[in-house]
file upload_39.cif (mmCIF, C-alpha atoms)
data_my_file
#
loop_
_atom_site.group_PDB
_atom_site.id
_atom_site.type_symbol
_atom_site.label_atom_id
_atom_site.label_comp_id
_atom_site.auth_asym_id
_atom_site.auth_seq_id
_atom_site.Cartn_x
_atom_site.Cartn_y
_atom_site.Cartn_z
ATOM 1 C CA MET A 1 -43.367 -54.607 14.586
ATOM 2 C CA GLU A 2 -40.056 -52.811 14.081
ATOM 3 C CA PHE A 3 -39.742 -50.208 11.344
ATOM 4 C CA ARG A 4 -36.049 -49.416 11.794
ATOM 5 C CA THR A 5 -32.811 -51.267 12.387
ATOM 6 C CA THR A 6 -30.967 -50.243 15.534
ATOM 7 C CA VAL A 7 -27.214 -50.740 15.331
ATOM 8 C CA LYS A 8 -25.936 -52.519 18.426
ATOM 9 C CA THR A 9 -22.503 -51.524 19.688
ATOM 10 C CA GLY A 10 -22.229 -54.207 22.363
ATOM 11 C CA GLU A 11 -21.371 -53.850 26.029
ATOM 12 C CA ASN A 12 -19.931 -50.628 27.389
ATOM 13 C CA ARG A 13 -16.123 -50.664 27.195
ATOM 14 C CA ASN A 14 -15.591 -48.054 29.969
ATOM 15 C CA TRP A 15 -12.706 -46.693 27.903
ATOM 16 C CA LEU A 16 -13.353 -43.013 28.538
ATOM 17 C CA HIS A 17 -13.469 -41.083 31.802
ATOM 18 C CA HIS A 18 -14.576 -37.475 31.825
ATOM 19 C CA SER A 19 -11.162 -36.421 33.168
ATOM 20 C CA ASP A 20 -9.263 -38.153 30.347
ATOM 21 C CA SER A 21 -7.423 -36.432 27.509
ATOM 22 C CA VAL A 22 -8.619 -37.343 24.021
ATOM 23 C CA VAL A 23 -7.196 -36.823 20.536
ATOM 24 C CA LEU A 24 -9.422 -36.986 17.451
ATOM 25 C CA LEU A 25 -7.932 -37.302 13.968
ATOM 26 C CA GLY A 26 -9.238 -37.778 10.465
ATOM 27 C CA SER A 27 -12.318 -36.863 8.480
ATOM 28 C CA CYS A 28 -14.524 -33.903 9.391
ATOM 29 C CA PHE A 29 -16.683 -36.307 11.398
ATOM 30 C CA SER A 30 -13.837 -36.093 13.924
ATOM 31 C CA ASP A 31 -14.559 -32.363 14.068
ATOM 32 C CA ASN A 32 -18.237 -33.133 14.757
ATOM 33 C CA ILE A 33 -17.538 -35.477 17.676
ATOM 34 C CA GLY A 34 -14.687 -33.263 18.863
ATOM 35 C CA ALA A 35 -17.133 -30.362 19.115
ATOM 36 C CA LYS A 36 -19.444 -32.571 21.175
ATOM 37 C CA MET A 37 -16.550 -33.396 23.506
ATOM 38 C CA HIS A 38 -15.682 -29.732 23.872
ATOM 39 C CA GLY A 39 -19.336 -29.086 24.688
ATOM 40 C CA ALA A 40 -19.038 -31.692 27.433
ATOM 41 C CA LEU A 41 -15.864 -29.950 28.711
ATOM 42 C CA ILE A 42 -13.717 -32.989 27.873
ATOM 43 C CA ASN A 43 -10.059 -32.204 27.204
ATOM 44 C CA ALA A 44 -10.056 -32.992 23.485
ATOM 45 C CA THR A 45 -7.471 -32.086 20.841
ATOM 46 C CA VAL A 46 -9.076 -32.176 17.405
ATOM 47 C CA ASN A 47 -7.147 -32.506 14.134
ATOM 48 C CA PRO A 48 -4.044 -30.446 14.978
ATOM 49 C CA MET A 49 -2.972 -30.612 11.322
ATOM 50 C CA GLY A 50 -6.477 -30.044 10.028
ATOM 51 C CA THR A 51 -8.997 -32.405 8.512
ATOM 52 C CA LEU A 52 -7.431 -35.519 6.960
ATOM 53 C CA TYR A 53 -9.397 -37.947 4.823
ATOM 54 C CA ASN A 54 -7.504 -40.978 3.515
ATOM 55 C CA PRO A 55 -5.564 -43.566 5.569
ATOM 56 C CA MET A 56 -2.221 -42.719 3.951
ATOM 57 C CA SER A 57 -2.425 -39.029 4.857
ATOM 58 C CA ILE A 58 -3.690 -39.796 8.351
ATOM 59 C CA ALA A 59 -0.841 -42.251 8.956
ATOM 60 C CA ARG A 60 1.681 -39.756 7.592
ATOM 61 C CA GLY A 61 0.288 -37.086 9.899
ATOM 62 C CA VAL A 62 0.380 -39.425 12.902
ATOM 63 C CA GLN A 63 4.023 -40.272 12.244
ATOM 64 C CA ARG A 64 4.892 -36.599 12.022
ATOM 65 C CA LEU A 65 3.150 -35.923 15.340
ATOM 66 C CA ILE A 66 4.906 -38.861 17.009
ATOM 67 C CA GLU A 67 8.326 -37.651 15.777
ATOM 68 C CA CYS A 68 7.384 -34.006 16.434
ATOM 69 C CA ARG A 69 9.052 -33.314 13.089
ATOM 70 C CA PRO A 70 8.835 -29.590 12.288
ATOM 71 C CA VAL A 71 7.832 -28.084 8.974
ATOM 72 C CA ALA A 72 10.791 -26.903 6.910
ATOM 73 C CA GLY A 73 10.576 -23.889 4.640
ATOM 74 C CA GLN A 74 11.160 -25.901 1.471
ATOM 75 C CA GLU A 75 8.026 -27.952 2.165
ATOM 76 C CA LEU A 76 5.775 -24.947 1.681
ATOM 77 C CA PHE A 77 4.552 -23.651 -1.649
ATOM 78 C CA MET A 78 2.614 -20.584 -2.719
ATOM 79 C CA GLN A 79 -0.860 -21.206 -4.141
ATOM 80 C CA GLY A 80 -3.897 -18.961 -4.039
ATOM 81 C CA GLY A 81 -2.011 -16.157 -2.342
ATOM 82 C CA VAL A 82 -1.051 -18.217 0.709
ATOM 83 C CA TRP A 83 1.724 -20.610 1.772
ATOM 84 C CA ASN A 84 0.552 -24.219 1.956
ATOM 85 C CA SER A 85 1.803 -27.605 3.096
ATOM 86 C CA TYR A 86 0.627 -30.839 1.507
ATOM 87 C CA ASP A 87 0.489 -32.350 5.014
ATOM 88 C CA PHE A 88 -1.880 -29.689 6.383
ATOM 89 C CA HIS A 89 -5.447 -28.675 5.679
ATOM 90 C CA SER A 90 -5.837 -25.329 3.922
ATOM 91 C CA ARG A 91 -7.234 -23.645 7.034
ATOM 92 C CA HIS A 92 -3.656 -23.587 8.333
ATOM 93 C CA SER A 93 -2.283 -21.819 5.246
ATOM 94 C CA LYS A 94 -1.060 -18.242 5.752
ATOM 95 C CA PRO A 95 -0.122 -15.294 3.478
ATOM 96 C CA ASP A 96 3.228 -14.908 5.254
ATOM 97 C CA LYS A 97 5.648 -17.846 4.931
ATOM 98 C CA GLN A 98 7.293 -17.538 8.352
ATOM 99 C CA VAL A 99 3.913 -17.098 10.030
ATOM 100 C CA ALA A 100 2.744 -20.283 8.279
ATOM 101 C CA ILE A 101 5.837 -22.208 9.421
ATOM 102 C CA ASP A 102 5.508 -21.016 13.015
ATOM 103 C CA HIS A 103 1.793 -21.763 13.095
ATOM 104 C CA MET A 104 2.142 -25.255 11.639
ATOM 105 C CA ASN A 105 5.031 -26.119 13.959
ATOM 106 C CA ALA A 106 3.000 -24.972 16.952
ATOM 107 C CA ARG A 107 0.220 -27.302 15.821
ATOM 108 C CA ILE A 108 2.692 -30.189 15.484
ATOM 109 C CA GLU A 109 4.036 -29.537 18.988
ATOM 110 C CA GLN A 110 0.494 -29.386 20.372
ATOM 111 C CA GLY A 111 -0.436 -32.633 18.631
ATOM 112 C CA HIS A 112 2.727 -34.386 19.809
ATOM 113 C CA GLN A 113 2.111 -33.464 23.441
ATOM 114 C CA ALA A 114 -1.562 -34.384 23.190
ATOM 115 C CA LEU A 115 -0.804 -37.816 21.702
ATOM 116 C CA GLU A 116 1.897 -38.451 24.293
ATOM 117 C CA THR A 117 -0.449 -37.885 27.243
ATOM 118 C CA ALA A 118 -3.823 -38.958 25.822
ATOM 119 C CA GLN A 119 -5.783 -41.899 27.154
ATOM 120 C CA LEU A 120 -7.971 -42.197 24.055
ATOM 121 C CA LEU A 121 -7.501 -41.588 20.318
ATOM 122 C CA THR A 122 -10.242 -41.742 17.706
ATOM 123 C CA ILE A 123 -9.340 -42.012 14.030
ATOM 124 C CA THR A 124 -12.036 -41.499 11.413
ATOM 125 C CA LEU A 125 -11.292 -42.661 7.880
ATOM 126 C CA GLY A 126 -13.169 -40.726 5.208
ATOM 127 C CA THR A 127 -12.180 -42.113 1.820
ATOM 128 C CA SER A 128 -9.979 -44.632 0.027
ATOM 129 C CA ILE A 129 -9.308 -42.153 -2.787
ATOM 130 C CA VAL A 130 -5.764 -40.761 -2.687
ATOM 131 C CA TYR A 131 -4.028 -38.038 -4.672
ATOM 132 C CA ARG A 132 -0.346 -38.652 -5.328
ATOM 133 C CA LEU A 133 1.822 -35.692 -6.331
ATOM 134 C CA LYS A 134 3.527 -36.709 -9.553
ATOM 135 C CA ALA A 135 6.663 -34.673 -8.793
ATOM 136 C CA THR A 136 7.418 -36.556 -5.557
ATOM 137 C CA SER A 137 5.133 -39.643 -5.671
ATOM 138 C CA GLU A 138 3.878 -38.691 -2.186
ATOM 139 C CA VAL A 139 0.214 -38.877 -1.203
ATOM 140 C CA VAL A 140 -1.081 -35.437 -0.231
ATOM 141 C CA ALA A 141 -3.571 -34.616 2.498
ATOM 142 C CA ASN A 142 -4.968 -31.636 0.592
ATOM 143 C CA CYS A 143 -4.527 -30.532 -3.018
ATOM 144 C CA HIS A 144 -4.891 -26.812 -2.151
ATOM 145 C CA LYS A 145 -6.492 -26.156 -5.556
ATOM 146 C CA VAL A 146 -3.288 -27.046 -7.378
ATOM 147 C CA PRO A 147 -4.186 -28.087 -10.975
ATOM 148 C CA GLN A 148 -5.359 -31.688 -11.083
ATOM 149 C CA HIS A 149 -2.878 -32.676 -13.774
ATOM 150 C CA GLU A 150 -0.163 -32.371 -11.093
ATOM 151 C CA PHE A 151 -1.619 -35.429 -9.303
ATOM 152 C CA GLU A 152 -2.305 -39.071 -9.939
ATOM 153 C CA ARG A 153 -5.715 -39.997 -8.536
ATOM 154 C CA LYS A 154 -6.439 -43.599 -7.560
ATOM 155 C CA MET A 155 -8.292 -45.712 -5.061
ATOM 156 C CA ALA A 156 -5.940 -47.347 -2.578
ATOM 157 C CA THR A 157 -6.269 -51.108 -2.330
ATOM 158 C CA VAL A 158 -7.385 -52.852 0.833
ATOM 159 C CA GLY A 159 -3.903 -54.375 1.137
ATOM 160 C CA GLU A 160 -2.180 -50.990 0.867
ATOM 161 C CA MET A 161 -4.444 -49.429 3.477
ATOM 162 C CA THR A 162 -4.143 -52.420 5.802
ATOM 163 C CA ASP A 163 -0.346 -52.215 5.733
ATOM 164 C CA VAL A 164 -0.342 -48.472 6.386
ATOM 165 C CA LEU A 165 -2.860 -48.701 9.229
ATOM 166 C CA ASP A 166 -1.032 -51.672 10.756
ATOM 167 C CA ALA A 167 2.252 -49.744 10.862
ATOM 168 C CA MET A 168 0.494 -46.643 12.228
ATOM 169 C CA LEU A 169 -1.197 -48.537 15.078
ATOM 170 C CA THR A 170 2.062 -50.284 15.971
ATOM 171 C CA ALA A 171 3.890 -46.937 16.102
ATOM 172 C CA LEU A 172 1.150 -45.382 18.243
ATOM 173 C CA HIS A 173 1.221 -48.277 20.704
ATOM 174 C CA GLU A 174 4.999 -48.022 21.035
ATOM 175 C CA PHE A 175 4.802 -44.246 21.499
ATOM 176 C CA ASN A 176 1.993 -44.338 24.089
ATOM 177 C CA PRO A 177 1.474 -47.914 25.370
ATOM 178 C CA GLY A 178 -1.570 -46.971 27.478
ATOM 179 C CA LEU A 179 -3.424 -45.378 24.571
ATOM 180 C CA LYS A 180 -6.800 -46.845 23.572
ATOM 181 C CA ILE A 181 -7.648 -46.339 19.893
ATOM 182 C CA ILE A 182 -11.098 -46.198 18.298
ATOM 183 C CA LEU A 183 -11.313 -46.595 14.530
ATOM 184 C CA THR A 184 -14.366 -45.585 12.578
ATOM 185 C CA VAL A 185 -15.525 -44.857 9.036
ATOM 186 C CA SER A 186 -16.965 -41.424 8.398
ATOM 187 C CA PRO A 187 -20.705 -41.365 7.676
ATOM 188 C CA ILE A 188 -20.166 -38.356 5.416
ATOM 189 C CA ARG A 189 -20.719 -39.305 1.791
ATOM 190 C CA HIS A 190 -18.125 -38.374 -0.833
ATOM 191 C CA ILE A 191 -20.537 -38.034 -3.747
ATOM 192 C CA ALA A 192 -18.384 -35.892 -6.045
ATOM 193 C CA ASP A 193 -16.877 -39.115 -7.405
ATOM 194 C CA GLY A 194 -20.280 -40.792 -7.720
ATOM 195 C CA LEU A 195 -22.259 -42.885 -5.277
ATOM 196 C CA ASP A 196 -20.897 -46.131 -6.700
ATOM 197 C CA THR A 197 -17.320 -45.003 -6.062
ATOM 198 C CA ASN A 198 -18.288 -43.777 -2.602
ATOM 199 C CA SER A 199 -19.758 -47.187 -1.747
ATOM 200 C CA LEU A 200 -16.648 -49.012 -2.933
ATOM 201 C CA SER A 201 -14.417 -46.539 -1.083
ATOM 202 C CA LYS A 202 -16.254 -46.939 2.219
ATOM 203 C CA ALA A 203 -16.397 -50.724 1.860
ATOM 204 C CA SER A 204 -12.640 -50.853 1.280
ATOM 205 C CA LEU A 205 -12.032 -48.775 4.412
ATOM 206 C CA ARG A 206 -14.244 -51.082 6.436
ATOM 207 C CA VAL A 207 -12.435 -54.210 5.242
ATOM 208 C CA ALA A 208 -9.031 -52.638 5.959
ATOM 209 C CA ILE A 209 -10.135 -51.791 9.510
ATOM 210 C CA HIS A 210 -11.445 -55.328 9.951
ATOM 211 C CA GLU A 211 -8.063 -56.727 8.934
ATOM 212 C CA VAL A 212 -5.975 -54.523 11.250
ATOM 213 C CA MET A 213 -8.360 -55.113 14.143
ATOM 214 C CA LYS A 214 -7.295 -58.761 14.109
ATOM 215 C CA ARG A 215 -3.752 -57.662 14.996
ATOM 216 C CA HIS A 216 -4.457 -54.831 17.440
ATOM 217 C CA ARG A 217 -7.628 -55.869 19.222
ATOM 218 C CA ASP A 218 -6.105 -55.526 22.708
ATOM 219 C CA TYR A 219 -6.106 -51.732 22.499
ATOM 220 C CA CYS A 220 -8.249 -50.975 19.425
ATOM 221 C CA ASP A 221 -11.990 -50.973 18.836
ATOM 222 C CA TYR A 222 -14.329 -50.196 15.955
ATOM 223 C CA PHE A 223 -17.199 -47.775 16.431
ATOM 224 C CA PRO A 224 -19.919 -48.116 13.752
ATOM 225 C CA ALA A 225 -20.675 -44.452 13.019
ATOM 226 C CA TYR A 226 -21.029 -45.249 9.315
ATOM 227 C CA GLU A 227 -23.414 -48.124 9.957
ATOM 228 C CA ILE A 228 -25.530 -46.065 12.351
ATOM 229 C CA MET A 229 -25.962 -43.386 9.698
ATOM 230 C CA LEU A 230 -26.508 -45.822 6.841
ATOM 231 C CA ASP A 231 -28.851 -48.335 8.496
ATOM 232 C CA ASP A 232 -30.245 -46.844 11.693
ATOM 233 C CA LEU A 233 -30.788 -43.273 10.449
ATOM 234 C CA ARG A 234 -31.561 -44.196 6.844
ATOM 235 C CA ASP A 235 -33.687 -41.182 6.011
ATOM 236 C CA TYR A 236 -32.768 -37.902 4.320
ATOM 237 C CA ARG A 237 -34.214 -35.952 7.232
ATOM 238 C CA PHE A 238 -31.050 -36.962 9.115
ATOM 239 C CA TYR A 239 -28.849 -35.188 6.555
ATOM 240 C CA SER A 240 -28.068 -31.498 6.354
ATOM 241 C CA SER A 241 -29.257 -29.463 3.371
ATOM 242 C CA ASP A 242 -26.341 -30.641 1.192
ATOM 243 C CA MET A 243 -27.590 -34.245 1.490
ATOM 244 C CA VAL A 244 -24.008 -35.268 2.311
ATOM 245 C CA HIS A 245 -23.233 -34.330 5.922
ATOM 246 C CA PRO A 246 -25.178 -35.650 8.922
ATOM 247 C CA SER A 247 -27.625 -33.189 10.437
ATOM 248 C CA ASP A 248 -27.189 -31.850 13.958
ATOM 249 C CA VAL A 249 -29.790 -34.385 15.120
ATOM 250 C CA ALA A 250 -27.835 -37.243 13.525
ATOM 251 C CA VAL A 251 -24.548 -36.107 15.056
ATOM 252 C CA GLU A 252 -26.217 -35.881 18.457
ATOM 253 C CA TYR A 253 -27.676 -39.385 18.037
ATOM 254 C CA ILE A 254 -24.271 -40.833 17.131
ATOM 255 C CA TRP A 255 -22.668 -38.926 20.026
ATOM 256 C CA GLN A 256 -25.186 -40.513 22.395
ATOM 257 C CA ALA A 257 -24.310 -43.947 20.987
ATOM 258 C CA PHE A 258 -20.606 -43.168 21.436
ATOM 259 C CA GLN A 259 -21.176 -42.246 25.075
ATOM 260 C CA ALA A 260 -23.174 -45.420 25.693
ATOM 261 C CA THR A 261 -20.325 -47.447 24.205
ATOM 262 C CA TYR A 262 -17.282 -45.907 25.892
ATOM 263 C CA LEU A 263 -18.142 -43.641 28.837
ATOM 264 C CA ASP A 264 -18.293 -45.040 32.361
ATOM 265 C CA ASP A 265 -21.429 -44.289 34.408
ATOM 266 C CA HIS A 266 -19.833 -41.541 36.496
ATOM 267 C CA SER A 267 -18.587 -39.802 33.362
ATOM 268 C CA ALA A 268 -22.006 -39.954 31.710
ATOM 269 C CA LEU A 269 -23.422 -37.936 34.603
ATOM 270 C CA ALA A 270 -20.530 -35.462 34.382
ATOM 271 C CA VAL A 271 -21.057 -35.049 30.634
ATOM 272 C CA ALA A 272 -24.760 -34.311 31.051
ATOM 273 C CA ARG A 273 -24.053 -31.661 33.673
ATOM 274 C CA CYS A 274 -21.174 -30.081 31.768
ATOM 275 C CA GLU A 275 -23.205 -29.888 28.569
ATOM 276 C CA ARG A 276 -25.882 -27.890 30.380
ATOM 277 C CA ILE A 277 -23.288 -25.529 31.824
ATOM 278 C CA HIS A 278 -21.525 -25.176 28.482
ATOM 279 C CA LYS A 279 -24.807 -24.040 26.915
ATOM 280 C CA ARG A 280 -25.075 -21.429 29.653
ATOM 281 C CA LEU A 281 -21.560 -20.233 28.829
ATOM 282 C CA GLN A 282 -22.602 -19.681 25.204
ATOM 283 C CA HIS A 283 -25.545 -17.534 26.278
ATOM 284 C CA ARG A 284 -25.175 -13.773 26.240
ATOM 285 C CA PRO A 285 -27.746 -11.709 28.144
ATOM 286 C CA MET A 286 -29.799 -9.543 25.797
ATOM 287 C CA SER A 287 -30.598 -7.000 28.473
ATOM 288 C CA SER A 288 -28.978 -3.580 28.316
ATOM 289 C CA ASN A 289 -29.386 -3.252 32.053
ATOM 290 C CA ARG A 290 -25.903 -3.403 33.553
ATOM 291 C CA GLU A 291 -27.150 -4.754 36.850
ATOM 292 C CA THR A 292 -28.949 -7.624 35.122
ATOM 293 C CA VAL A 293 -25.860 -8.521 33.092
ATOM 294 C CA ASP A 294 -23.602 -8.371 36.151
ATOM 295 C CA ARG A 295 -25.963 -10.603 38.104
ATOM 296 C CA PHE A 296 -26.053 -13.161 35.263
ATOM 297 C CA ASN A 297 -22.239 -13.181 35.032
ATOM 298 C CA ALA A 298 -21.901 -13.525 38.805
ATOM 299 C CA ASP A 299 -24.359 -16.423 38.830
ATOM 300 C CA THR A 300 -22.471 -18.095 35.969
ATOM 301 C CA ALA A 301 -19.156 -17.715 37.807
ATOM 302 C CA SER A 302 -20.742 -19.273 40.895
ATOM 303 C CA VAL A 303 -21.983 -22.212 38.831
ATOM 304 C CA VAL A 304 -18.489 -22.675 37.374
ATOM 305 C CA ARG A 305 -16.829 -22.560 40.801
ATOM 306 C CA ASN A 306 -19.224 -25.214 42.096
ATOM 307 C CA LEU A 307 -18.547 -27.359 39.024
ATOM 308 C CA ILE A 308 -14.766 -27.169 39.530
ATOM 309 C CA LYS A 309 -15.211 -27.956 43.208
ATOM 310 C CA GLU A 310 -17.028 -31.161 42.241
ATOM 311 C CA TYR A 311 -14.671 -31.974 39.346
ATOM 312 C CA PRO A 312 -11.258 -30.483 40.295
ATOM 313 C CA TYR A 313 -9.590 -31.525 37.030
ATOM 314 C CA LEU A 314 -11.782 -28.955 35.219
ATOM 315 C CA GLU A 315 -9.710 -26.210 36.802
ATOM 316 C CA GLN A 316 -7.405 -26.550 33.784
ATOM 317 C CA ASN A 317 -10.254 -25.890 31.332
ATOM 318 C CA THR A 318 -9.481 -22.590 29.589
ATOM 319 C CA GLU A 319 -13.129 -21.788 28.871
ATOM 320 C CA LEU A 320 -14.046 -22.082 32.537
ATOM 321 C CA GLN A 321 -11.006 -20.061 33.559
ATOM 322 C CA LYS A 322 -12.086 -17.222 31.285
ATOM 323 C CA VAL A 323 -15.411 -17.084 33.117
ATOM 324 C CA LEU A 324 -13.679 -16.891 36.483
ATOM 325 C CA ASP A 325 -11.200 -14.269 35.248
ATOM 326 C CA ARG A 326 -14.104 -12.032 34.198
ATOM 327 C CA SER A 327 -15.859 -12.338 37.555
#

call {"tool": "encode", "arguments": {"input": "upload_39.cif", "output": "structure tokens"}}
result
Amino acid sequence: MEFRTTVKTGENRNWLHHSDSVVLLGSCFSDNIGAKMHGALINATVNPMGTLYNPMSIARGVQRLIECRPVAGQELFMQGGVWNSYDFHSRHSKPDKQVAIDHMNARIEQGHQALETAQLLTITLGTSIVYRLKATSEVVANCHKVPQHEFERKMATVGEMTDVLDAMLTALHEFNPGLKIILTVSPIRHIADGLDTNSLSKASLRVAIHEVMKRHRDYCDYFPAYEIMLDDLRDYRFYSSDMVHPSDVAVEYIWQAFQATYLDDHSALAVARCERIHKRLQHRPMSSNRETVDRFNADTASVVRNLIKEYPYLEQNTELQKVLDRS
């Protein structure tokens, strides 16, 4: 007798090799999986413009990265003692205007180069709710604590989101024809608007993805992160203390499902080994004995050299290079 529903993702696509470059965009679930990829020493670029939630803002961000269109000074505004852009998450806001411009433009350049050379892109949609700035009628990625009366809040229709996602996927395919794209709905619940609104929002995202998948199936796939969380892990013990975000155990479970769906067999072995080594890199010896610390660091450097010898493409990994530079 079965007491849980396991979400089946189908046959392995073999879309991801451990040596590939990956870009992850969208909701903070992209940050979760991006952190898992970094822990597996995969070359992953995560949300260069910061966390983005709705399809309109994600598509706008993608277009900006494709065009490599820099931030102009007139786009920024002062709020909360820092300079902000409506296209960027607040973690990229800075007290100095020129510093903010330079930082944001560096992130755009990084994202452009990453998208141009990536083999895989994952896009996680978080919500159908959009905030449109009344002064310009543009949908913003982040309100930056600007008074709410400055915005019109609404739920985007399935048709609106389908059109935006369709144009975005077409532009991405033209920009990087070899790029594989994985679409998913974030399992993180947006409960501030009420659970009923959250359900409608997520359902609308899912229908929009279903519609665009009909047109872009040759290079797009849907990964059911939302369904895994909702139906497979349907217990509050799989949520963090805020009862909104997936727990570390849940993220790890979904990461394992992602690997089983997209990683080839050789890469799965590489990921397992790199994850163990990455944990070693995070460890700091507690001993005050200099000889003990030096021996640990020397052993770690030896492990890293052997890893790079087996996987030469890891020579470009900055974290591994730091270990070797210290040895």

call {"tool": "closest_atom_pairs", "arguments": {"input": "upload_39.cif", "of": "stretch 77-124 of chain A", "to": "stretch 16-32 of chain A", "cutoff": "12 Å", "atoms": "only C-alpha atoms", "output": "CSV"}}
result
residue,atom,partner,partner_atom,distance
A:Phe88,CA,A:Gly26,CA,11.7
A:His89,CA,A:Gly26,CA,11.0
A:Gln110,CA,A:Val23,CA,10.7
A:Gly111,CA,A:Val23,CA,8.2
A:His112,CA,A:Val23,CA,10.2
A:Gln113,CA,A:Val23,CA,10.3
A:Ala114,CA,A:Val23,CA,6.7
A:Leu115,CA,A:Val23,CA,6.6
A:Glu116,CA,A:Val23,CA,10.0
A:Thr117,CA,A:Ser21,CA,7.1
A:Ala118,CA,A:Ser21,CA,4.7
A:Gln119,CA,A:Ser21,CA,5.7
A:Leu120,CA,A:Val22,CA,4.9
A:Leu121,CA,A:Val23,CA,4.8
A:Thr122,CA,A:Leu24,CA,4.8
A:Ile123,CA,A:Leu25,CA,4.9
A:Thr124,CA,A:Gly26,CA,4.8

call {"tool": "resolve_selection", "arguments": {"input": "upload_39.cif", "expression": "the PyMOL selection byres ((chain A and resi 327) around 7)", "output": "ChimeraX atom specification"}}
result
/A:297-298,301,323-326

call {"tool": "residues_around", "arguments": {"input": "upload_39.cif", "residues": "stretch 129-145 of chain A", "least_positions_apart": "4", "cutoff": "6 Å", "atoms": "all atoms listed in the file", "output": "mmCIF file with C-alpha atoms, keeping the file's coordinate frame"}}
result
data_model
loop_
_atom_site.group_PDB
_atom_site.id
_atom_site.type_symbol
_atom_site.label_atom_id
_atom_site.label_comp_id
_atom_site.auth_asym_id
_atom_site.auth_seq_id
_atom_site.Cartn_x
_atom_site.Cartn_y
_atom_site.Cartn_z
ATOM 1 C CA LEU A 52 -7.431 -35.519 6.960
ATOM 2 C CA SER A 57 -2.425 -39.029 4.857
ATOM 3 C CA TYR A 86 0.627 -30.839 1.507
ATOM 4 C CA ASP A 87 0.489 -32.350 5.014
ATOM 5 C CA HIS A 89 -5.447 -28.675 5.679
ATOM 6 C CA GLU A 150 -0.163 -32.371 -11.093
ATOM 7 C CA PHE A 151 -1.619 -35.429 -9.303
ATOM 8 C CA GLU A 152 -2.305 -39.071 -9.939
ATOM 9 C CA ARG A 153 -5.715 -39.997 -8.536
ATOM 10 C CA LYS A 154 -6.439 -43.599 -7.560
ATOM 11 C CA MET A 155 -8.292 -45.712 -5.061
#

call {"tool": "residues_around", "arguments": {"input": "upload_39.cif", "residues": "A:Asp221", "least_positions_apart": "4", "cutoff": "9 Å", "atoms": "only C-alpha atoms", "output": "MDAnalysis selection string"}}
result
chainID A and resid 180:184 213 216:217

call {"tool": "closest_residue", "arguments": {"input": "upload_39.cif", "among": "A:Val46, A:Val212, A:Leu41, A:Val158", "to": "A:Leu314", "atoms": "only C-alpha atoms"}}
result
A:Leu41

call {"tool": "closest_residue", "arguments": {"input": "upload_39.cif", "among": "A:Gln148, A:Asn43, A:Asn176, A:Thr261", "to": "A:Asn14", "atoms": "only C-alpha atoms"}}
result
A:Thr261

call {"tool": "atom_distance", "arguments": {"input": "upload_39.cif", "atom1": "atom CA of A:Ile42", "atom2": "atom CA of A:His266"}}
result
13.6 Å

call {"tool": "resolve_selection", "arguments": {"input": "upload_39.cif", "expression": "the PyMOL selection byres ((chain A and resi 92-96) around 12)", "output": "PyMOL selection string"}}
result
chain A and resi 47-51+73+76-91+97-108+142+144

call {"tool": "resolve_selection", "arguments": {"input": "upload_39.cif", "expression": "the PyMOL selection byres ((chain A and resi 3) around 12)", "output": "PyMOL selection string"}}
result
chain A and resi 1-2+4-6+231-234

call {"tool": "residues_around", "arguments": {"input": "upload_39.cif", "residues": "A:Lys279", "least_positions_apart": "6", "cutoff": "12 Å", "atoms": "all atoms listed in the file", "output": "ChimeraX atom specification"}}
result
/A:36,38-41,272-273,300
